[in-house]
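Since the structure comes first, as structure tokens, the remarks are kept for the end.
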Amino acid sequence: MAKMDNQQQETTTEAEVLMDETLVENAEAGTQDAPTGDSELIELRQKLGETTELHIRLLAEFDNFRKRSRREMDGLKEYASENVLRALLPVLDDFDRTLTAMEKTDNLSSIKDGIKLVTEKLHKTLEKEGLNAIQATGQPFNSELHEAIHSVETEEAKKGTVLEEVGKGYRLRDKVIRYATVIVGE
């Protein structure tokens with residue numbers, strides 16, 4: 001508060017000096033805008049004081065708004081992943097159950113089926129959160145979606161086409177968050 005009072009005093013003092021200089025210049029120039037008496041000078045100083053006070057209040061309100069917005073953003077960042085993690089908890093539970101079942105059985109077919117079901121559930125959960133796989137194999141190479149790690153000589157019809165997908169690429173809604181790593185026909 002002391003800092004604001006000092007700022008207010010400095011602003012008021014500077015404004016008063018400027019106003020006094022303007023009044024002297026106007027009086028010397030003989031303009032009709034110059035106040036004719038002390039009452040007008042007092043009235044101008046009151047208006048200046050009111051304007052300065054309003055200006056300081058607005059600055060304080062803006063500073064409070066900025067601080068409040070920063071705190072809200074920090075809170076959002078801290079808990080932004082909460083919904084996704086909640087959605088993934090059932091999948092984590094399924095993986096735990098699958099591991100427990102693997103220890104109790106030697107039936108490789110049932111273990112394989114269990115892992116396949118859990119993987120499908122994971123994909124569906126991530127799709128609900130906006131994650132989608134980028135289709136690559138057989139598609140024309142697109143540097144906005146694919147990252148070529150190797151090229152292979154091929155027939156004319158397959159040049160510039162993705163021949164093999166080495167690593168899956170993903171989009172979060174419209175934004176690519178991981179490029180598909182691919183082998184391209186040359």
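For the structure tokens, the naming scheme is as follows: chains receive sequential letters (A, B, ...) according to their order of presentation, residues are indexed from 1 within each chain, and ligands are indexed from 1 in presentation order.
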So that I can check the secondary structure, give me every residue of chain A assigned alpha helix (DSSP H) by backbone DSSP, as a short mmCIF file (atom, residue, chain, number, x, y, z; two decimals) with N, CA and C atoms, in the first residue's frame.
```cif
data_model
loop_
_atom_site.label_atom_id
_atom_site.label_comp_id
_atom_site.auth_asym_id
_atom_site.auth_seq_id
_atom_site.Cartn_x
_atom_site.Cartn_y
_atom_site.Cartn_z
N ALA A 2 2.00 1.19 0.75
CA ALA A 2 2.91 2.34 0.80
C ALA A 2 3.47 2.63 -0.58
N LYS A 3 3.74 1.55 -1.33
CA LYS A 3 4.27 1.73 -2.68
C LYS A 3 3.24 2.45 -3.55
N MET A 4 1.96 2.06 -3.40
CA MET A 4 0.91 2.71 -4.20
C MET A 4 0.76 4.17 -3.79
N ASP A 5 0.87 4.47 -2.47
CA ASP A 5 0.77 5.85 -2.02
C ASP A 5 1.91 6.68 -2.60
N ASN A 6 3.12 6.11 -2.63
CA ASN A 6 4.26 6.82 -3.23
C ASN A 6 4.02 7.06 -4.71
N GLN A 7 3.48 6.03 -5.40
CA GLN A 7 3.19 6.19 -6.83
C GLN A 7 2.14 7.27 -7.03
N GLN A 8 1.12 7.26 -6.16
CA GLN A 8 0.06 8.25 -6.27
C GLN A 8 0.63 9.65 -6.05
N GLN A 9 1.49 9.82 -5.03
CA GLN A 9 2.08 11.12 -4.75
C GLN A 9 2.95 11.58 -5.91
N GLU A 10 3.76 10.64 -6.45
CA GLU A 10 4.62 11.00 -7.58
C GLU A 10 3.78 11.41 -8.77
N THR A 11 2.71 10.62 -9.06
CA THR A 11 1.84 10.93 -10.19
C THR A 11 1.15 12.27 -9.98
N THR A 12 0.65 12.50 -8.76
CA THR A 12 -0.02 13.76 -8.46
C THR A 12 0.95 14.92 -8.57
N THR A 13 2.14 14.78 -8.01
CA THR A 13 3.13 15.85 -8.05
C THR A 13 3.52 16.16 -9.48
N GLU A 14 3.79 15.14 -10.27
CA GLU A 14 4.15 15.36 -11.68
C GLU A 14 3.00 16.05 -12.43
N ALA A 15 1.78 15.59 -12.16
CA ALA A 15 0.62 16.16 -12.85
C ALA A 15 0.42 17.61 -12.42
N GLU A 16 0.60 17.92 -11.13
CA GLU A 16 0.44 19.29 -10.66
C GLU A 16 1.47 20.21 -11.29
N VAL A 17 2.73 19.73 -11.38
CA VAL A 17 3.79 20.53 -11.99
C VAL A 17 3.45 20.79 -13.45
N LEU A 18 3.01 19.75 -14.14
CA LEU A 18 2.65 19.89 -15.55
C LEU A 18 1.49 20.85 -15.71
N MET A 19 0.49 20.73 -14.83
CA MET A 19 -0.67 21.60 -14.91
C MET A 19 -0.26 23.05 -14.63
N ASP A 20 0.57 23.27 -13.62
CA ASP A 20 1.03 24.62 -13.30
C ASP A 20 1.81 25.22 -14.45
N GLU A 21 2.69 24.41 -15.07
CA GLU A 21 3.45 24.90 -16.22
C GLU A 21 2.53 25.26 -17.37
N THR A 22 1.51 24.43 -17.60
CA THR A 22 0.56 24.70 -18.67
C THR A 22 -0.21 25.98 -18.39
N LEU A 23 -0.62 26.16 -17.14
CA LEU A 23 -1.35 27.37 -16.78
C LEU A 23 -0.49 28.61 -17.01
N VAL A 24 0.79 28.54 -16.61
CA VAL A 24 1.70 29.68 -16.79
C VAL A 24 1.88 29.97 -18.28
N GLU A 25 2.10 28.90 -19.06
CA GLU A 25 2.29 29.09 -20.51
C GLU A 25 1.04 29.70 -21.13
N ASN A 26 -0.14 29.20 -20.75
CA ASN A 26 -1.38 29.73 -21.31
C ASN A 26 -1.59 31.19 -20.89
N ALA A 27 -1.24 31.50 -19.65
CA ALA A 27 -1.41 32.88 -19.17
C ALA A 27 -0.46 33.81 -19.91
N GLU A 28 0.78 33.34 -20.13
CA GLU A 28 1.75 34.17 -20.84
C GLU A 28 1.36 34.35 -22.30
N ALA A 29 0.75 33.31 -22.88
CA ALA A 29 0.35 33.39 -24.27
C ALA A 29 -0.94 34.17 -24.43
N ASP A 38 -8.34 31.47 -8.29
CA ASP A 38 -7.94 30.33 -7.47
C ASP A 38 -8.99 29.23 -7.46
N SER A 39 -10.25 29.59 -7.58
CA SER A 39 -11.32 28.59 -7.52
C SER A 39 -11.21 27.61 -8.69
N GLU A 40 -10.86 28.10 -9.86
CA GLU A 40 -10.71 27.21 -11.01
C GLU A 40 -9.49 26.31 -10.82
N LEU A 41 -8.44 26.84 -10.25
CA LEU A 41 -7.24 26.05 -9.99
C LEU A 41 -7.54 24.94 -8.98
N ILE A 42 -8.30 25.27 -7.94
CA ILE A 42 -8.68 24.28 -6.94
C ILE A 42 -9.56 23.21 -7.58
N GLU A 43 -10.48 23.62 -8.44
CA GLU A 43 -11.37 22.67 -9.12
C GLU A 43 -10.57 21.74 -10.03
N LEU A 44 -9.60 22.27 -10.76
CA LEU A 44 -8.76 21.45 -11.62
C LEU A 44 -7.93 20.46 -10.81
N ARG A 45 -7.41 20.92 -9.67
CA ARG A 45 -6.63 20.02 -8.81
C ARG A 45 -7.50 18.91 -8.24
N GLN A 46 -8.75 19.21 -7.91
CA GLN A 46 -9.66 18.19 -7.41
C GLN A 46 -9.93 17.14 -8.50
N LYS A 47 -10.18 17.63 -9.70
CA LYS A 47 -10.42 16.71 -10.82
C LYS A 47 -9.19 15.84 -11.08
N LEU A 48 -8.02 16.46 -11.00
CA LEU A 48 -6.78 15.72 -11.18
C LEU A 48 -6.62 14.66 -10.10
N GLY A 49 -6.93 15.02 -8.87
CA GLY A 49 -6.85 14.08 -7.76
C GLY A 49 -7.81 12.91 -7.95
N GLU A 50 -9.04 13.22 -8.38
CA GLU A 50 -10.03 12.16 -8.62
C GLU A 50 -9.58 11.23 -9.75
N THR A 51 -9.06 11.84 -10.81
CA THR A 51 -8.59 11.04 -11.94
C THR A 51 -7.41 10.17 -11.55
N THR A 52 -6.50 10.74 -10.78
CA THR A 52 -5.32 9.98 -10.32
C THR A 52 -5.76 8.83 -9.43
N GLU A 53 -6.70 9.09 -8.52
CA GLU A 53 -7.20 8.05 -7.62
C GLU A 53 -7.87 6.93 -8.43
N LEU A 54 -8.66 7.29 -9.41
CA LEU A 54 -9.32 6.30 -10.27
C LEU A 54 -8.28 5.47 -11.01
N HIS A 55 -7.26 6.15 -11.53
CA HIS A 55 -6.18 5.47 -12.25
C HIS A 55 -5.48 4.46 -11.35
N ILE A 56 -5.18 4.84 -10.13
CA ILE A 56 -4.49 3.95 -9.19
C ILE A 56 -5.39 2.77 -8.83
N ARG A 57 -6.69 3.01 -8.63
CA ARG A 57 -7.62 1.91 -8.33
C ARG A 57 -7.68 0.92 -9.48
N LEU A 58 -7.73 1.44 -10.70
CA LEU A 58 -7.78 0.56 -11.87
C LEU A 58 -6.50 -0.27 -11.99
N LEU A 59 -5.37 0.35 -11.72
CA LEU A 59 -4.10 -0.40 -11.74
C LEU A 59 -4.11 -1.51 -10.70
N ALA A 60 -4.60 -1.21 -9.51
CA ALA A 60 -4.66 -2.22 -8.44
C ALA A 60 -5.61 -3.35 -8.82
N GLU A 61 -6.77 -3.01 -9.37
CA GLU A 61 -7.73 -4.03 -9.79
C GLU A 61 -7.13 -4.92 -10.88
N PHE A 62 -6.43 -4.31 -11.83
CA PHE A 62 -5.82 -5.10 -12.89
C PHE A 62 -4.74 -6.02 -12.33
N ASP A 63 -3.94 -5.52 -11.40
CA ASP A 63 -2.90 -6.33 -10.78
C ASP A 63 -3.52 -7.52 -10.04
N ASN A 64 -4.61 -7.28 -9.31
CA ASN A 64 -5.31 -8.36 -8.61
C ASN A 64 -5.87 -9.38 -9.59
N PHE A 65 -6.43 -8.90 -10.69
CA PHE A 65 -6.96 -9.79 -11.73
C PHE A 65 -5.85 -10.66 -12.31
N ARG A 66 -4.71 -10.05 -12.59
CA ARG A 66 -3.57 -10.78 -13.15
C ARG A 66 -3.09 -11.87 -12.18
N LYS A 67 -2.98 -11.54 -10.91
CA LYS A 67 -2.55 -12.51 -9.90
C LYS A 67 -3.56 -13.64 -9.76
N ARG A 68 -4.84 -13.31 -9.75
CA ARG A 68 -5.90 -14.32 -9.63
C ARG A 68 -5.89 -15.25 -10.84
N SER A 69 -5.72 -14.68 -12.02
CA SER A 69 -5.66 -15.49 -13.24
C SER A 69 -4.47 -16.43 -13.23
N ARG A 70 -3.33 -15.94 -12.76
CA ARG A 70 -2.13 -16.78 -12.67
C ARG A 70 -2.35 -17.95 -11.72
N ARG A 71 -2.97 -17.68 -10.55
CA ARG A 71 -3.25 -18.75 -9.58
C ARG A 71 -4.20 -19.78 -10.19
N GLU A 72 -5.23 -19.32 -10.91
CA GLU A 72 -6.17 -20.25 -11.54
C GLU A 72 -5.48 -21.11 -12.58
N MET A 73 -4.62 -20.50 -13.39
CA MET A 73 -3.89 -21.27 -14.41
C MET A 73 -2.96 -22.29 -13.77
N ASP A 74 -2.29 -21.92 -12.69
CA ASP A 74 -1.41 -22.86 -11.99
C ASP A 74 -2.21 -24.04 -11.47
N GLY A 75 -3.40 -23.77 -10.94
CA GLY A 75 -4.28 -24.84 -10.46
C GLY A 75 -4.74 -25.75 -11.58
N LEU A 76 -5.08 -25.16 -12.71
CA LEU A 76 -5.50 -25.96 -13.87
C LEU A 76 -4.37 -26.85 -14.36
N LYS A 77 -3.17 -26.31 -14.43
CA LYS A 77 -2.02 -27.10 -14.89
C LYS A 77 -1.75 -28.26 -13.95
N GLU A 78 -1.87 -27.99 -12.65
CA GLU A 78 -1.55 -29.02 -11.66
C GLU A 78 -2.48 -30.21 -11.75
N GLU A 82 -6.03 -35.02 -14.36
CA GLU A 82 -6.86 -35.79 -13.44
C GLU A 82 -7.93 -36.60 -14.16
N ASN A 83 -8.66 -36.01 -15.09
CA ASN A 83 -9.73 -36.73 -15.79
C ASN A 83 -9.19 -37.91 -16.59
N VAL A 84 -8.07 -37.72 -17.26
CA VAL A 84 -7.48 -38.80 -18.05
C VAL A 84 -7.03 -39.93 -17.12
N LEU A 85 -6.41 -39.57 -16.01
CA LEU A 85 -5.95 -40.60 -15.08
C LEU A 85 -7.12 -41.37 -14.48
N ARG A 86 -8.20 -40.69 -14.16
CA ARG A 86 -9.39 -41.37 -13.66
C ARG A 86 -9.93 -42.36 -14.69
N ALA A 87 -9.92 -41.95 -15.95
CA ALA A 87 -10.41 -42.82 -17.02
C ALA A 87 -9.50 -44.04 -17.20
N LEU A 88 -8.21 -43.88 -16.91
CA LEU A 88 -7.26 -44.98 -17.09
C LEU A 88 -7.21 -45.95 -15.90
N LEU A 89 -7.74 -45.57 -14.75
CA LEU A 89 -7.68 -46.44 -13.58
C LEU A 89 -8.33 -47.81 -13.81
N PRO A 90 -9.50 -47.90 -14.45
CA PRO A 90 -10.07 -49.23 -14.71
C PRO A 90 -9.18 -50.09 -15.61
N VAL A 91 -8.49 -49.46 -16.55
CA VAL A 91 -7.58 -50.20 -17.42
C VAL A 91 -6.40 -50.71 -16.60
N LEU A 92 -5.90 -49.89 -15.71
CA LEU A 92 -4.81 -50.31 -14.83
C LEU A 92 -5.25 -51.50 -13.97
N ASP A 93 -6.48 -51.43 -13.47
CA ASP A 93 -7.02 -52.55 -12.69
C ASP A 93 -7.06 -53.83 -13.53
N ASP A 94 -7.47 -53.69 -14.79
CA ASP A 94 -7.53 -54.86 -15.68
C ASP A 94 -6.15 -55.44 -15.92
N PHE A 95 -5.14 -54.59 -16.08
CA PHE A 95 -3.77 -55.09 -16.25
C PHE A 95 -3.32 -55.84 -15.00
N ASP A 96 -3.64 -55.30 -13.84
CA ASP A 96 -3.28 -55.98 -12.59
C ASP A 96 -3.94 -57.36 -12.50
N ARG A 97 -5.24 -57.42 -12.86
CA ARG A 97 -5.95 -58.71 -12.84
C ARG A 97 -5.35 -59.68 -13.85
N THR A 98 -4.93 -59.16 -15.00
CA THR A 98 -4.33 -60.01 -16.02
C THR A 98 -3.02 -60.59 -15.52
N LEU A 99 -2.20 -59.77 -14.86
CA LEU A 99 -0.94 -60.26 -14.31
C LEU A 99 -1.19 -61.34 -13.25
N THR A 100 -2.20 -61.13 -12.42
CA THR A 100 -2.54 -62.12 -11.39
C THR A 100 -2.99 -63.43 -12.05
N ALA A 101 -3.81 -63.31 -13.09
CA ALA A 101 -4.29 -64.50 -13.80
C ALA A 101 -3.14 -65.23 -14.49
N MET A 102 -2.16 -64.47 -14.99
CA MET A 102 -1.01 -65.11 -15.66
C MET A 102 -0.23 -65.99 -14.70
N GLU A 103 -0.16 -65.59 -13.43
CA GLU A 103 0.57 -66.37 -12.44
C GLU A 103 -0.16 -67.65 -12.06
N LYS A 104 -1.49 -67.67 -12.26
CA LYS A 104 -2.30 -68.81 -11.83
C LYS A 104 -2.55 -69.82 -12.94
N LEU A 108 -1.81 -70.26 -22.33
CA LEU A 108 -1.31 -69.10 -23.07
C LEU A 108 -2.41 -68.43 -23.88
N SER A 109 -3.34 -69.20 -24.39
CA SER A 109 -4.43 -68.66 -25.20
C SER A 109 -5.31 -67.72 -24.37
N SER A 110 -5.65 -68.08 -23.14
CA SER A 110 -6.50 -67.22 -22.31
C SER A 110 -5.75 -65.97 -21.88
N ILE A 111 -4.46 -66.10 -21.62
CA ILE A 111 -3.64 -64.93 -21.27
C ILE A 111 -3.59 -63.96 -22.45
N LYS A 112 -3.40 -64.51 -23.63
CA LYS A 112 -3.35 -63.69 -24.85
C LYS A 112 -4.67 -62.96 -25.06
N ASP A 113 -5.79 -63.68 -24.87
CA ASP A 113 -7.11 -63.06 -25.02
C ASP A 113 -7.32 -61.95 -23.99
N GLY A 114 -6.87 -62.19 -22.75
CA GLY A 114 -7.01 -61.19 -21.70
C GLY A 114 -6.23 -59.92 -22.01
N ILE A 115 -5.01 -60.09 -22.47
CA ILE A 115 -4.18 -58.93 -22.83
C ILE A 115 -4.80 -58.17 -24.00
N LYS A 116 -5.34 -58.91 -24.95
CA LYS A 116 -5.98 -58.29 -26.10
C LYS A 116 -7.19 -57.46 -25.66
N LEU A 117 -8.00 -57.96 -24.75
CA LEU A 117 -9.16 -57.23 -24.25
C LEU A 117 -8.75 -55.96 -23.50
N VAL A 118 -7.73 -56.08 -22.67
CA VAL A 118 -7.27 -54.92 -21.91
C VAL A 118 -6.69 -53.86 -22.85
N THR A 119 -5.96 -54.29 -23.86
CA THR A 119 -5.40 -53.35 -24.83
C THR A 119 -6.50 -52.62 -25.59
N GLU A 120 -7.53 -53.34 -26.00
CA GLU A 120 -8.67 -52.71 -26.68
C GLU A 120 -9.36 -51.70 -25.77
N LYS A 121 -9.51 -52.05 -24.50
CA LYS A 121 -10.13 -51.13 -23.54
C LYS A 121 -9.28 -49.87 -23.39
N LEU A 122 -7.97 -50.04 -23.35
CA LEU A 122 -7.07 -48.89 -23.25
C LEU A 122 -7.22 -47.98 -24.47
N HIS A 123 -7.25 -48.57 -25.65
CA HIS A 123 -7.42 -47.77 -26.88
C HIS A 123 -8.75 -47.01 -26.86
N LYS A 124 -9.83 -47.67 -26.46
CA LYS A 124 -11.15 -47.00 -26.41
C LYS A 124 -11.15 -45.86 -25.41
N THR A 125 -10.51 -46.08 -24.26
CA THR A 125 -10.45 -45.03 -23.23
C THR A 125 -9.69 -43.83 -23.75
N LEU A 126 -8.55 -44.06 -24.41
CA LEU A 126 -7.76 -42.96 -24.95
C LEU A 126 -8.48 -42.25 -26.09
N GLU A 127 -9.22 -43.00 -26.89
CA GLU A 127 -10.00 -42.37 -27.97
C GLU A 127 -11.07 -41.46 -27.39
N LYS A 128 -11.70 -41.86 -26.29
CA LYS A 128 -12.69 -40.99 -25.64
C LYS A 128 -12.06 -39.68 -25.18
#
```
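The residue that comes closest to Glu144 in chain A, out of A:Glu164, A:Asn132, A:Ala80, A:Arg171 and on the basis of only C-alpha atoms, is A:Arg171.
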Distance query Pro140 in chain A at most 9 Å, only C-alpha atoms, self and fewer than 4 positions along chain excluded, as a list in words |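 Those residues are Ala136, Lys158, Lys159, Gly160, Thr161, Val162 and Val184 of chain A.
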Could you turn the residues from that selection into a file that holds C-alpha atoms, as a PDB file, in the first residue's frame?
```pdb
ATOM      1  CA  ALA A 136       0.237 -44.515 -42.299  1.00  0.00           C
ATOM      2  CA  LYS A 158       4.540 -47.031 -54.769  1.00  0.00           C
ATOM      3  CA  LYS A 159       6.992 -44.111 -54.883  1.00  0.00           C
ATOM      4  CA  GLY A 160       6.203 -41.538 -52.205  1.00  0.00           C
ATOM      5  CA  THR A 161       3.970 -44.046 -50.400  1.00  0.00           C
ATOM      6  CA  VAL A 162       4.417 -45.313 -46.860  1.00  0.00           C
ATOM      7  CA  VAL A 184       8.842 -44.751 -47.622  1.00  0.00           C
TER       8      VAL A 184
END
```
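Taking only C-alpha atoms into account, Gly167 in chain A lies nearest to A:Ala180 out of the set A:Ile134, A:Ala180, A:Leu145, A:Val152.
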Using the chain letters and numbers from this document, which residues of range 12-169 of chain A does DSSP assign to strand (DSSP E or B), as an MDAnalysis selection string?
-> chainID A and resid 131:134 140 146:152 161:167 169
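Reported to one decimal place, the separation of CA of Tyr79 in chain A from CA of Tyr170 in chain A is 22.8 Å.
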Choose the residue, out of A:Asp106, A:Glu186, A:Glu165, A:Asp174, that has the smallest atom-to-atom separation from Gly130 in chain A; count only C-alpha atoms.
->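 Of A:Asp106, A:Glu186, A:Glu165, A:Asp174, the one nearest Gly130 in chain A is A:Asp174, counting only C-alpha atoms.
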May I ask for the distance between CA of Arg173 in chain A and CA of Ser81 in chain A, given in Å to one decimal place?
->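 Atom-to-atom, CA of Arg173 in chain A and CA of Ser81 in chain A are spaced 15.7 Å apart.
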Atom pair CA of Val182 in chain A / CA of Glu129 in chain A: separation (Å) =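 These two atoms are separated by 25.4 Å.
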Residue with smallest distance to Ala148 in chain A - pool A:Thr105, A:Thr181, A:Leu131, A:Gly37, counting only C-alpha atoms | A:Thr181
